[in-house]
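Trainee: Sending over structure_25.pdb (PDB, C-alpha atoms and all ligand atoms).
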```pdb
ATOM      1  CA  MET A   1       0.000   0.000   0.000
ATOM      2  CA  GLU A   2       1.099   3.576  -0.613
ATOM      3  CA  TYR A   3       1.024   5.867   2.406
ATOM      4  CA  ALA A   4       1.114   9.626   2.851
ATOM      5  CA  LEU A   5       3.254  10.994   5.698
ATOM      6  CA  ILE A   6       2.256  14.430   6.952
ATOM      7  CA  THR A   7       4.500  16.115   9.504
ATOM      8  CA  GLY A   8       2.718  18.262  12.075
ATOM      9  CA  ALA A   9      -0.624  16.556  11.415
ATOM     10  CA  SER A  10      -2.103  17.132  14.876
ATOM     11  CA  ARG A  11      -3.144  20.736  14.212
ATOM     12  CA  GLY A  12      -3.647  23.455  11.594
ATOM     13  CA  ILE A  13      -2.618  22.923   7.981
ATOM     14  CA  GLY A  14      -1.184  19.453   8.663
ATOM     15  CA  LYS A  15      -4.410  18.253  10.260
ATOM     16  CA  ALA A  16      -6.523  19.525   7.341
ATOM     17  CA  THR A  17      -4.069  17.955   4.875
ATOM     18  CA  ALA A  18      -4.171  14.573   6.602
ATOM     19  CA  ILE A  19      -7.977  14.606   6.505
ATOM     20  CA  ALA A  20      -8.010  15.645   2.829
ATOM     21  CA  LEU A  21      -5.428  13.031   1.769
ATOM     22  CA  ALA A  22      -7.311  10.336   3.685
ATOM     23  CA  LYS A  23     -10.487  11.377   1.830
ATOM     24  CA  ALA A  24      -8.504  11.081  -1.413
ATOM     25  CA  GLY A  25      -7.861   7.440  -0.504
ATOM     26  CA  TYR A  26      -4.409   7.454   1.090
ATOM     27  CA  PRO A  27      -3.697   5.692   4.340
ATOM     28  CA  VAL A  28      -2.039   8.503   6.278
ATOM     29  CA  LEU A  29       0.766   8.647   8.831
ATOM     30  CA  LEU A  30       0.102  11.391  11.348
ATOM     31  CA  ASN A  31       3.292  12.887  12.715
ATOM     32  CA  TYR A  32       3.264  15.312  15.650
ATOM     33  CA  LEU A  33       5.637  16.459  18.377
ATOM     34  CA  SER A  34       3.863  16.246  21.745
ATOM     35  CA  ASN A  35       0.137  16.866  21.353
ATOM     36  CA  LYS A  36      -1.028  13.242  21.436
ATOM     37  CA  ALA A  37      -4.649  14.066  22.306
ATOM     38  CA  ALA A  38      -5.002  16.313  19.240
ATOM     39  CA  ALA A  39      -3.359  13.711  16.970
ATOM     40  CA  GLU A  40      -5.670  10.984  18.311
ATOM     41  CA  GLU A  41      -8.644  13.216  17.546
ATOM     42  CA  VAL A  42      -7.471  13.562  13.932
ATOM     43  CA  LEU A  43      -7.034   9.787  13.706
ATOM     44  CA  GLN A  44     -10.551   9.285  15.026
ATOM     45  CA  MET A  45     -12.015  11.808  12.562
ATOM     46  CA  ILE A  46     -10.341   9.979   9.667
ATOM     47  CA  GLU A  47     -11.461   6.543  10.848
ATOM     48  CA  ASN A  48     -15.026   7.801  11.385
ATOM     49  CA  GLU A  49     -15.085   8.761   7.700
ATOM     50  CA  GLY A  50     -13.867   5.278   6.697
ATOM     51  CA  GLY A  51     -10.227   6.284   6.191
ATOM     52  CA  LYS A  52      -7.049   4.695   7.505
ATOM     53  CA  ALA A  53      -4.480   6.451   9.702
ATOM     54  CA  GLU A  54      -1.608   5.710  12.087
ATOM     55  CA  LEU A  55       0.140   7.946  14.588
ATOM     56  CA  LEU A  56       3.868   8.425  14.004
ATOM     57  CA  PRO A  57       5.227  10.884  16.574
ATOM     58  CA  PHE A  58       8.778  12.179  16.316
ATOM     59  CA  ASP A  59      10.613  15.471  16.587
ATOM     60  CA  ILE A  60      11.349  16.514  12.992
ATOM     61  CA  SER A  61      14.458  18.363  14.142
ATOM     62  CA  ASP A  62      15.960  15.203  15.679
ATOM     63  CA  LYS A  63      17.663  12.934  13.156
ATOM     64  CA  LYS A  64      17.864   9.986  15.569
ATOM     65  CA  GLN A  65      14.131  10.096  16.443
ATOM     66  CA  ILE A  66      13.241  10.218  12.736
ATOM     67  CA  GLU A  67      15.437   7.192  11.978
ATOM     68  CA  ILE A  68      13.961   5.164  14.844
ATOM     69  CA  ALA A  69      10.350   6.039  13.940
ATOM     70  CA  LEU A  70      10.714   5.435  10.209
ATOM     71  CA  ASP A  71      12.876   2.308  10.504
ATOM     72  CA  GLY A  72      10.298   0.901  12.937
ATOM     73  CA  TRP A  73       7.467   1.743  10.542
ATOM     74  CA  LYS A  74       9.282   0.217   7.573
ATOM     75  CA  SER A  75       9.986  -3.059   9.361
ATOM     76  CA  ALA A  76       6.311  -3.353  10.362
ATOM     77  CA  HIS A  77       5.226  -2.524   6.771
ATOM     78  CA  SER A  78       7.492  -4.518   4.479
ATOM     79  CA  ASN A  79       4.997  -4.373   1.572
ATOM     80  CA  ASP A  80       4.136  -0.696   1.952
ATOM     81  CA  PHE A  81       5.928   2.527   1.160
ATOM     82  CA  ILE A  82       5.534   6.251   1.669
ATOM     83  CA  SER A  83       4.746   7.710  -1.745
ATOM     84  CA  VAL A  84       3.586  11.135  -0.519
ATOM     85  CA  LEU A  85       5.585  13.241   1.933
ATOM     86  CA  VAL A  86       4.193  16.557   3.150
ATOM     87  CA  ASN A  87       6.906  18.451   5.020
ATOM     88  CA  ASN A  88       4.497  20.671   6.905
ATOM     89  CA  ALA A  89       5.468  20.992  10.579
ATOM     90  CA  GLY A  90       7.069  24.274  11.486
ATOM     91  CA  ILE A  91       7.478  26.858  14.214
ATOM     92  CA  ARG A  92       8.045  30.581  14.448
ATOM     93  CA  GLU A  93      10.053  32.429  17.086
ATOM     94  CA  ASP A  94       9.830  36.020  15.940
ATOM     95  CA  ALA A  95      12.153  38.810  17.025
ATOM     96  CA  LEU A  96      13.848  41.709  15.335
ATOM     97  CA  MET A  97      17.379  40.706  14.331
ATOM     98  CA  VAL A  98      18.960  43.116  16.839
ATOM     99  CA  PHE A  99      17.137  41.339  19.674
ATOM    100  CA  MET A 100      17.262  37.804  18.266
ATOM    101  CA  GLU A 101      18.970  35.269  20.512
ATOM    102  CA  GLU A 102      21.119  32.595  18.924
ATOM    103  CA  ASN A 103      18.760  29.879  20.178
ATOM    104  CA  GLN A 104      15.847  31.553  18.323
ATOM    105  CA  TRP A 105      17.892  31.302  15.158
ATOM    106  CA  THR A 106      18.957  27.674  15.693
ATOM    107  CA  ASN A 107      15.523  26.443  16.899
ATOM    108  CA  VAL A 108      13.789  27.828  13.826
ATOM    109  CA  LEU A 109      16.490  26.639  11.417
ATOM    110  CA  ASN A 110      16.559  23.157  12.972
ATOM    111  CA  THR A 111      12.791  22.690  12.957
ATOM    112  CA  ASN A 112      11.976  24.421   9.675
ATOM    113  CA  LEU A 113      15.004  23.674   7.476
ATOM    114  CA  TYR A 114      17.211  20.850   8.781
ATOM    115  CA  SER A 115      14.076  18.743   9.251
ATOM    116  CA  PHE A 116      13.512  18.896   5.485
ATOM    117  CA  PHE A 117      16.849  17.145   4.952
ATOM    118  CA  TYR A 118      16.346  14.531   7.674
ATOM    119  CA  VAL A 119      12.747  13.532   6.888
ATOM    120  CA  THR A 120      13.060  13.693   3.102
ATOM    121  CA  LYS A 121      16.282  11.678   3.174
ATOM    122  CA  ALA A 122      14.539   8.979   5.189
ATOM    123  CA  VAL A 123      11.855   8.393   2.520
ATOM    124  CA  LEU A 124      13.545   9.430  -0.740
ATOM    125  CA  GLN A 125      15.541   6.270  -1.454
ATOM    126  CA  THR A 126      12.397   4.130  -1.550
ATOM    127  CA  MET A 127      10.620   6.636  -3.819
ATOM    128  CA  VAL A 128      13.618   6.508  -6.175
ATOM    129  CA  THR A 129      13.606   2.704  -6.199
ATOM    130  CA  LYS A 130       9.840   2.548  -6.769
ATOM    131  CA  ARG A 131      10.026   5.359  -9.340
ATOM    132  CA  LYS A 132       7.103   7.143  -7.750
ATOM    133  CA  GLY A 133       6.691   9.970  -5.273
ATOM    134  CA  ARG A 134       5.319  13.333  -4.306
ATOM    135  CA  ILE A 135       7.171  15.684  -1.966
ATOM    136  CA  ILE A 136       5.296  18.812  -0.944
ATOM    137  CA  ASN A 137       7.004  21.368   1.256
ATOM    138  CA  VAL A 138       4.982  23.932   3.163
ATOM    139  CA  VAL A 139       6.992  27.148   3.020
ATOM    140  CA  SER A 140       5.701  30.693   3.431
ATOM    141  CA  LEU A 141       5.269  34.126   1.948
ATOM    142  CA  SER A 142       8.119  35.010   4.355
ATOM    143  CA  GLY A 143      10.463  32.758   2.382
ATOM    144  CA  LEU A 144       9.626  34.568  -0.849
ATOM    145  CA  LYS A 145       9.649  38.233   0.189
ATOM    146  CA  GLY A 146      11.117  38.160   3.709
ATOM    147  CA  LEU A 147       9.151  39.581   6.612
ATOM    148  CA  PRO A 148      10.549  41.892   9.306
ATOM    149  CA  GLY A 149      10.772  40.160  12.672
ATOM    150  CA  GLN A 150      11.241  36.837  10.915
ATOM    151  CA  VAL A 151      14.847  36.793   9.718
ATOM    152  CA  ASN A 152      15.216  33.247  11.095
ATOM    153  CA  TYR A 153      11.895  31.984   9.682
ATOM    154  CA  SER A 154      12.364  33.727   6.307
ATOM    155  CA  ALA A 155      15.868  32.223   5.982
ATOM    156  CA  ALA A 156      14.592  28.722   6.761
ATOM    157  CA  LYS A 157      11.666  28.933   4.333
ATOM    158  CA  ALA A 158      13.817  30.458   1.574
ATOM    159  CA  GLY A 159      16.280  27.599   2.132
ATOM    160  CA  ILE A 160      13.553  25.041   1.527
ATOM    161  CA  ILE A 161      12.470  26.867  -1.630
ATOM    162  CA  GLY A 162      16.006  26.463  -3.030
ATOM    163  CA  ALA A 163      16.107  22.820  -1.967
ATOM    164  CA  THR A 164      12.705  22.203  -3.607
ATOM    165  CA  LYS A 165      13.922  23.530  -6.956
ATOM    166  CA  ALA A 166      17.206  21.585  -6.825
ATOM    167  CA  LEU A 167      15.729  18.267  -5.677
ATOM    168  CA  ALA A 168      12.937  18.510  -8.273
ATOM    169  CA  GLN A 169      15.566  18.422 -11.020
ATOM    170  CA  GLU A 170      17.462  15.543  -9.406
ATOM    171  CA  VAL A 171      14.465  13.216  -9.229
ATOM    172  CA  ALA A 172      12.138  14.259 -12.078
ATOM    173  CA  ALA A 173      13.278  11.384 -14.301
ATOM    174  CA  ARG A 174      12.280   8.990 -11.507
ATOM    175  CA  LYS A 175       8.693  10.274 -11.664
ATOM    176  CA  ILE A 176       8.995  12.045  -8.319
ATOM    177  CA  THR A 177       7.727  15.609  -8.117
ATOM    178  CA  VAL A 178       8.910  18.139  -5.544
ATOM    179  CA  ASN A 179       6.926  21.316  -5.006
ATOM    180  CA  ALA A 180       6.416  23.977  -2.378
ATOM    181  CA  VAL A 181       3.256  25.650  -1.207
ATOM    182  CA  ALA A 182       3.673  29.187   0.144
ATOM    183  CA  PRO A 183       0.756  30.305   2.318
ATOM    184  CA  GLY A 184       0.203  33.905   3.344
ATOM    185  CA  PHE A 185      -1.840  34.345   6.525
ATOM    186  CA  ILE A 186      -3.804  31.225   7.444
ATOM    187  CA  ALA A 187      -6.043  30.966  10.526
ATOM    188  CA  THR A 188      -4.323  28.367  12.744
ATOM    189  CA  ASP A 189      -2.738  28.221  16.198
ATOM    190  CA  MET A 190       0.426  29.662  14.637
ATOM    191  CA  THR A 191      -1.301  32.951  13.813
ATOM    192  CA  LYS A 192      -3.789  33.232  16.669
ATOM    193  CA  ASP A 193      -1.655  35.766  18.573
ATOM    194  CA  LEU A 194      -1.512  38.150  15.569
ATOM    195  CA  ASP A 195      -3.613  41.291  15.155
ATOM    196  CA  ILE A 196      -5.985  39.693  12.640
ATOM    197  CA  ASP A 197      -8.292  42.702  12.146
ATOM    198  CA  ASN A 198      -5.382  44.949  11.321
ATOM    199  CA  LEU A 199      -3.498  42.442   9.147
ATOM    200  CA  LYS A 200      -6.470  41.455   7.037
ATOM    201  CA  LYS A 201      -6.728  45.037   5.748
ATOM    202  CA  GLN A 202      -3.457  44.354   3.875
ATOM    203  CA  ILE A 203      -4.849  41.235   2.208
ATOM    204  CA  PRO A 204      -6.798  41.900  -1.034
ATOM    205  CA  ALA A 205      -9.195  39.037  -0.173
ATOM    206  CA  ASN A 206      -9.742  40.809   3.183
ATOM    207  CA  ARG A 207      -9.477  37.656   5.256
ATOM    208  CA  PHE A 208      -7.068  35.000   6.485
ATOM    209  CA  GLY A 209      -7.087  31.741   4.518
ATOM    210  CA  THR A 210      -8.250  28.461   5.992
ATOM    211  CA  ALA A 211      -6.198  25.337   6.599
ATOM    212  CA  GLU A 212      -8.647  23.466   4.357
ATOM    213  CA  GLU A 213      -7.872  25.775   1.415
ATOM    214  CA  VAL A 214      -4.152  25.006   1.763
ATOM    215  CA  ALA A 215      -4.905  21.299   2.169
ATOM    216  CA  ALA A 216      -6.859  21.288  -1.107
ATOM    217  CA  LEU A 217      -3.829  22.670  -2.964
ATOM    218  CA  ILE A 218      -1.506  20.120  -1.356
ATOM    219  CA  THR A 219      -3.931  17.314  -2.232
ATOM    220  CA  PHE A 220      -3.949  18.432  -5.859
ATOM    221  CA  LEU A 221      -0.129  18.453  -5.947
ATOM    222  CA  ALA A 222      -0.165  14.933  -4.496
ATOM    223  CA  SER A 223      -2.526  13.684  -7.212
ATOM    224  CA  GLU A 224      -1.787  12.003 -10.546
ATOM    225  CA  SER A 225      -3.200  15.088 -12.297
ATOM    226  CA  ALA A 226      -0.214  17.118 -11.035
ATOM    227  CA  SER A 227       2.414  14.761 -12.543
ATOM    228  CA  TYR A 228       3.950  17.439 -14.778
ATOM    229  CA  ILE A 229       4.243  20.145 -12.122
ATOM    230  CA  THR A 230       7.589  20.081 -10.363
ATOM    231  CA  GLY A 231      10.069  22.516  -8.845
ATOM    232  CA  GLU A 232       7.311  25.085  -8.360
ATOM    233  CA  VAL A 233       6.454  27.360  -5.468
ATOM    234  CA  ILE A 234       2.714  27.953  -5.457
ATOM    235  CA  SER A 235       1.455  30.889  -3.416
ATOM    236  CA  ILE A 236      -1.862  30.743  -1.592
ATOM    237  CA  ASN A 237      -2.293  34.109   0.030
ATOM    238  CA  GLY A 238      -5.526  35.893  -0.968
ATOM    239  CA  GLY A 239      -3.659  38.200  -3.326
ATOM    240  CA  LEU A 240      -0.925  39.496  -1.002
ATOM    241  CA  TYR A 241       1.820  40.827  -3.261
ATOM    242  CA  THR A 242       4.833  38.511  -3.391
TER     243      THR A 242
HETATM  244  P1  LIG A 301       0.366  25.037  13.872
HETATM  245  O1  LIG A 301      -1.120  25.159  13.840
HETATM  246  O2  LIG A 301       1.152  25.783  14.897
HETATM  247  O3  LIG A 301       0.721  23.472  13.986
HETATM  248  C1  LIG A 301       2.063  23.089  14.013
HETATM  249  C2  LIG A 301       2.147  21.587  13.858
HETATM  250  O4  LIG A 301       3.534  21.239  13.758
HETATM  251  C3  LIG A 301       1.583  20.816  15.052
HETATM  252  O5  LIG A 301       1.006  19.630  14.551
HETATM  253  C4  LIG A 301       2.838  20.516  15.869
HETATM  254  O6  LIG A 301       2.733  19.338  16.675
HETATM  255  C5  LIG A 301       3.843  20.284  14.761
HETATM  256  N1  LIG A 301       5.232  20.467  15.178
HETATM  257  C6  LIG A 301       5.832  21.594  15.640
HETATM  258  N2  LIG A 301       7.128  21.351  15.909
HETATM  259  C7  LIG A 301       7.353  20.044  15.596
HETATM  260  C8  LIG A 301       8.476  19.189  15.671
HETATM  261  N3  LIG A 301       9.671  19.630  16.112
HETATM  262  N4  LIG A 301       8.337  17.884  15.294
HETATM  263  C9  LIG A 301       7.133  17.416  14.853
HETATM  264  N5  LIG A 301       6.041  18.179  14.749
HETATM  265  C10 LIG A 301       6.143  19.479  15.133
HETATM  266  O7  LIG A 301       1.015  25.447  12.465
HETATM  267  P2  LIG A 301       0.337  25.771  11.053
HETATM  268  O8  LIG A 301      -0.078  27.181  11.042
HETATM  269  O9  LIG A 301      -0.600  24.705  10.653
HETATM  270  O10 LIG A 301       1.643  25.705  10.122
HETATM  271  C11 LIG A 301       1.985  24.572   9.361
HETATM  272  C12 LIG A 301       3.082  24.969   8.387
HETATM  273  O11 LIG A 301       2.621  26.042   7.571
HETATM  274  C13 LIG A 301       4.374  25.475   9.053
HETATM  275  O12 LIG A 301       5.489  24.999   8.347
HETATM  276  C14 LIG A 301       4.268  26.975   8.926
HETATM  277  O13 LIG A 301       5.534  27.572   8.926
HETATM  278  C15 LIG A 301       3.568  27.089   7.599
HETATM  279  N6  LIG A 301       2.876  28.356   7.386
HETATM  280  C16 LIG A 301       1.820  28.713   8.188
HETATM  281  C17 LIG A 301       1.194  29.924   7.965
HETATM  282  C18 LIG A 301       0.025  30.399   8.775
HETATM  283  O14 LIG A 301      -0.402  31.542   8.585
HETATM  284  N7  LIG A 301      -0.524  29.591   9.668
HETATM  285  C19 LIG A 301       1.649  30.770   6.940
HETATM  286  C20 LIG A 301       2.710  30.373   6.155
HETATM  287  C21 LIG A 301       3.309  29.154   6.386
HETATM  288  P3  LIG A 301       2.145  19.387  18.211
HETATM  289  O15 LIG A 301       0.643  19.560  18.067
HETATM  290  O16 LIG A 301       2.531  18.066  18.790
HETATM  291  O17 LIG A 301       2.792  20.564  18.864
END
```
Rewrite the structure of this file - the entire thing - as structure tokens.
Ligand code: NAP

Mentor:
Amino acid sequence: MEYALITGASRGIGKATAIALAKAGYPVLLNYLSNKAAAEEVLQMIENEGGKAELLPFDISDKKQIEIALDGWKSAHSNDFISVLVNNAGIREDALMVFMEENQWTNVLNTNLYSFFYVTKAVLQTMVTKRKGRIINVVSLSGLKGLPGQVNYSAAKAGIIGATKALAQEVAARKITVNAVAPGFIATDMTKDLDIDNLKKQIPANRFGTAEEVAALITFLASESASYITGEVISINGGLYT
């Protein structure tokens, strides 16, 4: 069977993506960091709709934890493989550069950029062997235009955009596509502390996007219909200038 692994599937965009991919017929692997109750709720929602899901917790910034979790999964699933990887989990630790502590830089780079290398590396070899795969990286408007207060986050997301374009060319002949989705402001836990009323005035659509709208785009990129799209960064931002 072909599985879809979604990092950060307990909440927000990852949760909506897991539900959408399960509806599209994929058995889904729900990764999360620590919020087991939320991940179990997602699993239950998927099973209630007749879908198939498994929890796969690990810290995406910890190479060892990723190896243990994915090696364990592979040995329990010798006839299955992960054909869709959604690198979604991410954090922000905003501060102006003059006030930014080194740990704010390293935390955000480790979780948002190094994780791409660790998790993708752990599933790529099998995709190459099977000559099939979809890798979808959730980046951000910040990675395209840079946002003040987010030098760390913008650097990490811009790094993934470069990696997306390079990896897409490496693996295109193996029928693996690699794309990035760049949301603007989406209503999730990550943005709940922002001044929504003020920020939405800057958005031509005059509202924050929903996690479900981002999930629909990711699900399209994961589909057979998107076979000829690779190395792209697709914005989903209600018209915010990029
Ligand atoms: P969110 O609601 O804060 O959810 C974050 C998810 O990531 C949770 O499932 C969390 O797990 C998981 N996570 C965090 N650190 C992790 C780690 N070290 N290992 C494994 N899982 C981890 O975030 P969101 O708004 O849905 O954002 C998802 C992605 O979209 C991120 O990459 C973010 O940068 C990007 N994005 C979001 C927006 C926006 O406006 N929301 C805009 C642009 C880009 P736990 O529940 O266990 O903590």

Trainee: So what does the PyMOL selection byres (((chain A and resi 191) around 12) and not hetatm) actually pick up in this one, as a ChimeraX atom specification?

Mentor: /A:12-13,91-94,183-190,192-196,199,208-211

Trainee: I need the output of the PyMOL selection byres (((chain A and resi 112) around 8) and not hetatm) for this file as a VMD selection string; which residues are they?

Mentor: chain A and resid 61 89 to 91 108 to 111 113 to 116 153 156 to 157

Trainee: Gly149 of chain A: which residues within 8 Å, counting only C-alpha atoms, same-chain residues fewer than 6 positions away excluded, as a list in words?

Mentor: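 The contact residues come out as Asp94, Ala95, Leu96 and Met97 of chain A.
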
Trainee: Translate the PyMOL selection byres (((chain A and resi 86) around 7) and not hetatm) into a concrete residue list for this structure, as a list in words.

Mentor: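 When the PyMOL selection byres (((chain A and resi 86) around 7) and not hetatm) is applied, the selected residues are Leu5, Ile6, Thr7, Val84, Leu85, Asn87, Asn88, Ile135, Ile136 and Asn137 of chain A.
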
Trainee: What separation in Å, quoted to one decimal, exists between atom CA of Arg11 of chain A and atom C21 of ligand LIG 301 (chain A)?

Mentor: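 Calculated distance between atom CA of Arg11 of chain A and atom C21 of ligand LIG 301 (chain A) is 13.2 Å.
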
Trainee: Which one is closest to ligand LIG 301 (chain A): A:Val98, A:Ala155, A:Ile229, A:Val171? Count all atoms listed in the file.

Mentor: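 Nearest to ligand LIG 301 (chain A): A:Ala155.
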
Trainee: Using all atoms listed in the file, which protein or nucleic acid residues come within 7 Å of Pro27 of chain A? Drop anything in the same chain fewer than 5 positions from it, and give the result as a list in words.

Mentor: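 Here the qualifying residues turn out to be Tyr3, Ala4, Ala22, Gly51, Lys52 and Ala53 of chain A.
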
Trainee: Taking all atoms of ligand LIG 301 (chain A) that appear in the file, build a box with edges along x, y and z, extend it by 8 Å on every side, and state its centre and edge lengths in Å to one decimal, as AutoDock Vina command-line options.

Mentor:
```
--center_x 4.3 --center_y 24.5 --center_z 12.5 --size_x 26.8 --size_y 30.1 --size_z 28.7
```

Trainee: Measuring atom to atom with all atoms listed in the file, identify which of A:Leu144, A:Ala173, A:Lys165, A:Glu101 is nearest to Val128 of chain A.

Mentor: A:Ala173

Trainee: Tell me which of A:Leu56, A:Ala38, A:Ala226, A:Ala122 sits closest to Lys175 of chain A, counting all atoms listed in the file.

Mentor: A:Ala226

Trainee: Could you check the closest approach to ligand LIG 301 (chain A) for each of A:Thr106, A:Gln169, A:Asn31, A:Thr17 and tell me which residue wins, using only C-alpha atoms and all ligand atoms?

Mentor: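 Among A:Thr106, A:Gln169, A:Asn31, A:Thr17, it is A:Asn31 that comes nearest to ligand LIG 301 (chain A).
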
Trainee: May I ask for the distance between atom N6 of ligand LIG 301 (chain A) and atom CA of Asn107 of chain A, given in Å to one decimal place?

Mentor: 15.9 Å

Trainee: With all atoms listed in the file counted, which protein, DNA or RNA residues have an atom no more than 8 Å from (1.2, 5.1, 15.3) in the file frame? Please answer as a ChimeraX atom specification.

Mentor: /A:29-30,54-57

Trainee: Can I get segment 36-54 of chain A with N, CA and C atoms filled in, as a PDB file, in the frame of the given file?

Mentor:
```pdb
ATOM      1  N   LYS A  36      -0.458  14.551  21.776  1.00  0.00           N
ATOM      2  CA  LYS A  36      -1.028  13.242  21.436  1.00  0.00           C
ATOM      3  C   LYS A  36      -2.556  13.284  21.350  1.00  0.00           C
ATOM      4  N   ALA A  37      -3.178  14.020  22.284  1.00  0.00           N
ATOM      5  CA  ALA A  37      -4.649  14.066  22.306  1.00  0.00           C
ATOM      6  C   ALA A  37      -5.183  14.635  20.992  1.00  0.00           C
ATOM      7  N   ALA A  38      -4.544  15.702  20.498  1.00  0.00           N
ATOM      8  CA  ALA A  38      -5.002  16.313  19.240  1.00  0.00           C
ATOM      9  C   ALA A  38      -4.786  15.350  18.072  1.00  0.00           C
ATOM     10  N   ALA A  39      -3.643  14.655  18.068  1.00  0.00           N
ATOM     11  CA  ALA A  39      -3.359  13.711  16.970  1.00  0.00           C
ATOM     12  C   ALA A  39      -4.357  12.555  16.994  1.00  0.00           C
ATOM     13  N   GLU A  40      -4.694  12.085  18.205  1.00  0.00           N
ATOM     14  CA  GLU A  40      -5.670  10.984  18.311  1.00  0.00           C
ATOM     15  C   GLU A  40      -7.044  11.416  17.800  1.00  0.00           C
ATOM     16  N   GLU A  41      -7.358  12.685  18.043  1.00  0.00           N
ATOM     17  CA  GLU A  41      -8.644  13.216  17.546  1.00  0.00           C
ATOM     18  C   GLU A  41      -8.672  13.207  16.006  1.00  0.00           C
ATOM     19  N   VAL A  42      -7.547  13.574  15.403  1.00  0.00           N
ATOM     20  CA  VAL A  42      -7.471  13.562  13.932  1.00  0.00           C
ATOM     21  C   VAL A  42      -7.630  12.128  13.421  1.00  0.00           C
ATOM     22  N   LEU A  43      -6.948  11.207  14.087  1.00  0.00           N
ATOM     23  CA  LEU A  43      -7.034   9.787  13.706  1.00  0.00           C
ATOM     24  C   LEU A  43      -8.487   9.304  13.764  1.00  0.00           C
ATOM     25  N   GLN A  44      -9.152   9.691  14.844  1.00  0.00           N
ATOM     26  CA  GLN A  44     -10.551   9.285  15.026  1.00  0.00           C
ATOM     27  C   GLN A  44     -11.436   9.878  13.928  1.00  0.00           C
ATOM     28  N   MET A  45     -11.209  11.154  13.616  1.00  0.00           N
ATOM     29  CA  MET A  45     -12.015  11.808  12.562  1.00  0.00           C
ATOM     30  C   MET A  45     -11.846  11.067  11.239  1.00  0.00           C
ATOM     31  N   ILE A  46     -10.614  10.676  10.939  1.00  0.00           N
ATOM     32  CA  ILE A  46     -10.341   9.979   9.667  1.00  0.00           C
ATOM     33  C   ILE A  46     -11.009   8.607   9.672  1.00  0.00           C
ATOM     34  N   GLU A  47     -10.856   7.886  10.785  1.00  0.00           N
ATOM     35  CA  GLU A  47     -11.461   6.543  10.848  1.00  0.00           C
ATOM     36  C   GLU A  47     -12.986   6.621  10.798  1.00  0.00           C
ATOM     37  N   ASN A  48     -13.562   7.644  11.420  1.00  0.00           N
ATOM     38  CA  ASN A  48     -15.026   7.801  11.385  1.00  0.00           C
ATOM     39  C   ASN A  48     -15.550   7.989   9.958  1.00  0.00           C
ATOM     40  N   GLU A  49     -14.687   8.542   9.108  1.00  0.00           N
ATOM     41  CA  GLU A  49     -15.085   8.761   7.700  1.00  0.00           C
ATOM     42  C   GLU A  49     -14.707   7.566   6.835  1.00  0.00           C
ATOM     43  N   GLY A  50     -14.220   6.480   7.463  1.00  0.00           N
ATOM     44  CA  GLY A  50     -13.867   5.278   6.697  1.00  0.00           C
ATOM     45  C   GLY A  50     -12.439   5.269   6.198  1.00  0.00           C
ATOM     46  N   GLY A  51     -11.628   6.227   6.624  1.00  0.00           N
ATOM     47  CA  GLY A  51     -10.227   6.284   6.191  1.00  0.00           C
ATOM     48  C   GLY A  51      -9.319   5.486   7.116  1.00  0.00           C
ATOM     49  N   LYS A  52      -8.020   5.482   6.751  1.00  0.00           N
ATOM     50  CA  LYS A  52      -7.049   4.695   7.505  1.00  0.00           C
ATOM     51  C   LYS A  52      -5.909   5.625   7.934  1.00  0.00           C
ATOM     52  N   ALA A  53      -5.550   5.562   9.220  1.00  0.00           N
ATOM     53  CA  ALA A  53      -4.480   6.451   9.702  1.00  0.00           C
ATOM     54  C   ALA A  53      -3.717   5.781  10.837  1.00  0.00           C
ATOM     55  N   GLU A  54      -2.448   6.181  10.966  1.00  0.00           N
ATOM     56  CA  GLU A  54      -1.608   5.710  12.087  1.00  0.00           C
ATOM     57  C   GLU A  54      -0.878   6.918  12.661  1.00  0.00           C
TER      58      GLU A  54
END
```
